[in-house]
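Asker: For reference, the structure I am asking about is given below.
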Amino acid sequence: MTTATLSTADLRLRDLVMQQLGWDSQVDASGVGVAARDGIVTLSGYIDSYAGKLAAERAVKRVHGVRAVANSLLVTLRQDRTDTDIATDAARAIDTHLTLPPTVQVVVHDGHVVLTGTVRTLFQRVVAEKALRYVRGIKGVVNRLVVVPAPSADDVRPRIVRALHHDPDVDARGLNVVVSGSTVTLTGTVRSWHERDSAERAAMHAPGITHVDNLIAVEWPEDEDPRAQDELC
């Protein structure tokens, strides 16, 4: 992608993303490259921790106008750790989360962690992965935890709808929930990535659900001027 083929909007979005990455104290953006086209942002280059890689992605999603993020950052550690050290710390991190069952197991190979075993809800599956975020030395995480289906999930849809309407971070009026077997499909529109993620997280608590297909679109309000991000209050 060359500068000559980028629109003014693409260039402005790229600059806003770079500013956001530079501002976020959780991200060392010195080795991060940014490309933007039609609201799609691609991160490339190197970063010094797995936590930093995830933080960079979260930072990009906070920028007005970002529709999707491709996170191709490679984790390069400043100081290597043995798989035994990483496995010990990872197991301890899992154990400190009392909501996680003892069926969660950790396997480490060359700095890459694989989570195996079973959990009761999708939310627990996500919690287990997040528990490893700040374990020093991890280069990546593969989550192979399996959600055990509940015996009956007939009343799941109304429970999810209620949860969405009760969530202060979600405007559920523009959302639709479809339950098919153990899969929930969310559709509709929201005003931010935070709202989209909150809706998905609410559905993850439902018993018997093994997959949430989040098709919610983020539509930034047209009356908001992204240039306002450069202005001081």
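Within each chain, counting starts at residue 1; across the structure tokens, chains are named A, B, ... in the order shown, with ligands numbered 1 upward in that order.
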Got a sec: who's within 10 Å of Gly137 of chain A, counting only C-alpha atoms, leaving out chain neighbours fewer than 3 positions off, as a ChimeraX atom specification?
Answerer: /A:48-50,75-83,85-87,89,110-112,134,140
Asker: Which residues, written as a VMD selection string, have at least one atom at most 9 Å from Val34 of chain A, with only C-alpha atoms counted and residues fewer than 3 positions away on the same chain left out?
Answerer: chain A and resid 14 to 15 17 to 18 41 to 45
Asker: Rounded to one decimal, what separation in Å do you get between atom CA of Gly208 of chain A and atom CA of His166 of chain A?
Answerer: 20.6 Å
Asker: At what distance in Å, to one decimal, does atom CA of Ala9 of chain A lie from atom CA of Arg191 of chain A?
Answerer: 19.5 Å
Asker: Using only C-alpha atoms for the distances, tell me which of A:Leu11, A:Gly188, A:Arg159, A:Thr99 is nearest to Arg120 of chain A.
Answerer: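 Under the stated criterion, the closest residue is A:Thr99.
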Asker: Atom CA of Arg136 of chain A and atom CA of Val104 of chain A, how far apart in Å?
Answerer: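 So the answer is 19.6 Å.
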Asker: Mind the document's chain letters and residue numbers, and return as a ChimeraX atom specification the residues of segment 29-88 of chain A that DSSP labels strand (DSSP E).
Answerer: /A:32-37,40-47,68-71,74-75
Asker: Just C-alpha atoms for this one: save the residues we selected as an mmCIF file, in the first residue's frame.
Answerer:
data_model
loop_
_atom_site.group_PDB
_atom_site.id
_atom_site.type_symbol
_atom_site.label_atom_id
_atom_site.label_comp_id
_atom_site.auth_asym_id
_atom_site.auth_seq_id
_atom_site.Cartn_x
_atom_site.Cartn_y
_atom_site.Cartn_z
ATOM 1 C CA VAL A 32 4.518 -0.991 15.293
ATOM 2 C CA GLY A 33 3.474 -0.212 11.732
ATOM 3 C CA VAL A 34 -0.034 1.022 10.880
ATOM 4 C CA ALA A 35 -1.961 0.846 7.614
ATOM 5 C CA ALA A 36 -5.559 1.961 7.057
ATOM 6 C CA ARG A 37 -7.996 1.595 4.193
ATOM 7 C CA ILE A 40 -9.881 -1.362 8.141
ATOM 8 C CA VAL A 41 -6.712 -0.972 10.215
ATOM 9 C CA THR A 42 -3.769 -3.379 9.946
ATOM 10 C CA LEU A 43 -1.104 -3.546 12.647
ATOM 11 C CA SER A 44 2.270 -4.998 11.654
ATOM 12 C CA GLY A 45 5.786 -5.126 13.032
ATOM 13 C CA TYR A 46 6.981 -6.173 16.482
ATOM 14 C CA ILE A 47 5.991 -5.647 20.099
ATOM 15 C CA ALA A 68 -12.174 -3.673 11.792
ATOM 16 C CA VAL A 69 -8.651 -4.502 12.992
ATOM 17 C CA ALA A 70 -6.140 -6.997 11.576
ATOM 18 C CA ASN A 71 -3.571 -7.600 14.300
ATOM 19 C CA LEU A 74 4.707 -10.402 16.290
ATOM 20 C CA VAL A 75 5.747 -10.741 19.931
#
Asker: Please identify all polymer residues within 8 Å of segment 195-207 of chain A, counting only C-alpha atoms, omitting same-chain residues fewer than 4 positions from it, and present them as a list of chain:residue names.
Answerer: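 Here the answer would be A:Arg120, A:Thr121, A:Leu122, A:Phe123, A:Pro149, A:Ala150, A:Ala153, A:Val156, A:Arg159, A:Ile160, A:Ala163, A:Leu164, A:Asp167, A:Asp169, A:Val170, A:Asp171, A:Val184, A:Leu186, A:Val190, A:Arg191, A:Val212, A:Asn214, A:Ile216, A:Ala217, A:Val218.
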Asker: Could you check which of A:Val126, A:Val108, A:Val135, A:Leu13 is closest to Val63 of chain A, using only C-alpha atoms?
Answerer: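 The shortest atom-to-atom distance to Val63 of chain A comes from A:Leu13.
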Asker: Can you tell me, as a list in words, what residues are no more than 10 Å from Leu21 of chain A when counting only C-alpha atoms, ignoring any on the same chain fewer than 3 positions away?
Answerer: Asp15, Leu16, Val17, Met18, Asp24, Ser25, Gln26, Val27, Asp28, Ala29, Ser30, Val32, Val34, Ala55, Ala56, Glu57, Arg58, Ala59, Val60 and Val63 of chain A
Asker: Store the residues picked out above in a file with C-alpha atoms, as a PDB file, in the first residue's frame.
Answerer:
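Produced file result-v2.pdb, reproduced below:
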ATOM      1  CA  ASP A  15      -2.565   9.233  11.834  1.00  0.00           C
ATOM      2  CA  LEU A  16      -5.267   9.055  14.522  1.00  0.00           C
ATOM      3  CA  VAL A  17      -4.449   5.400  15.195  1.00  0.00           C
ATOM      4  CA  MET A  18      -0.729   6.166  15.461  1.00  0.00           C
ATOM      5  CA  ASP A  24      -1.493   4.476  25.386  1.00  0.00           C
ATOM      6  CA  SER A  25       1.001   3.737  28.183  1.00  0.00           C
ATOM      7  CA  GLN A  26       0.329  -0.011  27.854  1.00  0.00           C
ATOM      8  CA  VAL A  27       1.753  -0.061  24.329  1.00  0.00           C
ATOM      9  CA  ASP A  28       5.347   0.278  23.163  1.00  0.00           C
ATOM     10  CA  ALA A  29       4.571   1.461  19.646  1.00  0.00           C
ATOM     11  CA  SER A  30       8.185   1.988  18.589  1.00  0.00           C
ATOM     12  CA  VAL A  32       4.518  -0.991  15.293  1.00  0.00           C
ATOM     13  CA  VAL A  34      -0.034   1.022  10.880  1.00  0.00           C
ATOM     14  CA  ALA A  55      -3.484  -3.564  24.340  1.00  0.00           C
ATOM     15  CA  ALA A  56      -2.571  -2.228  20.885  1.00  0.00           C
ATOM     16  CA  GLU A  57      -5.671  -3.846  19.421  1.00  0.00           C
ATOM     17  CA  ARG A  58      -7.895  -2.360  22.138  1.00  0.00           C
ATOM     18  CA  ALA A  59      -6.359   1.073  21.571  1.00  0.00           C
ATOM     19  CA  VAL A  60      -7.096   0.949  17.845  1.00  0.00           C
ATOM     20  CA  VAL A  63     -10.392   5.421  17.468  1.00  0.00           C
TER      21      VAL A  63
END
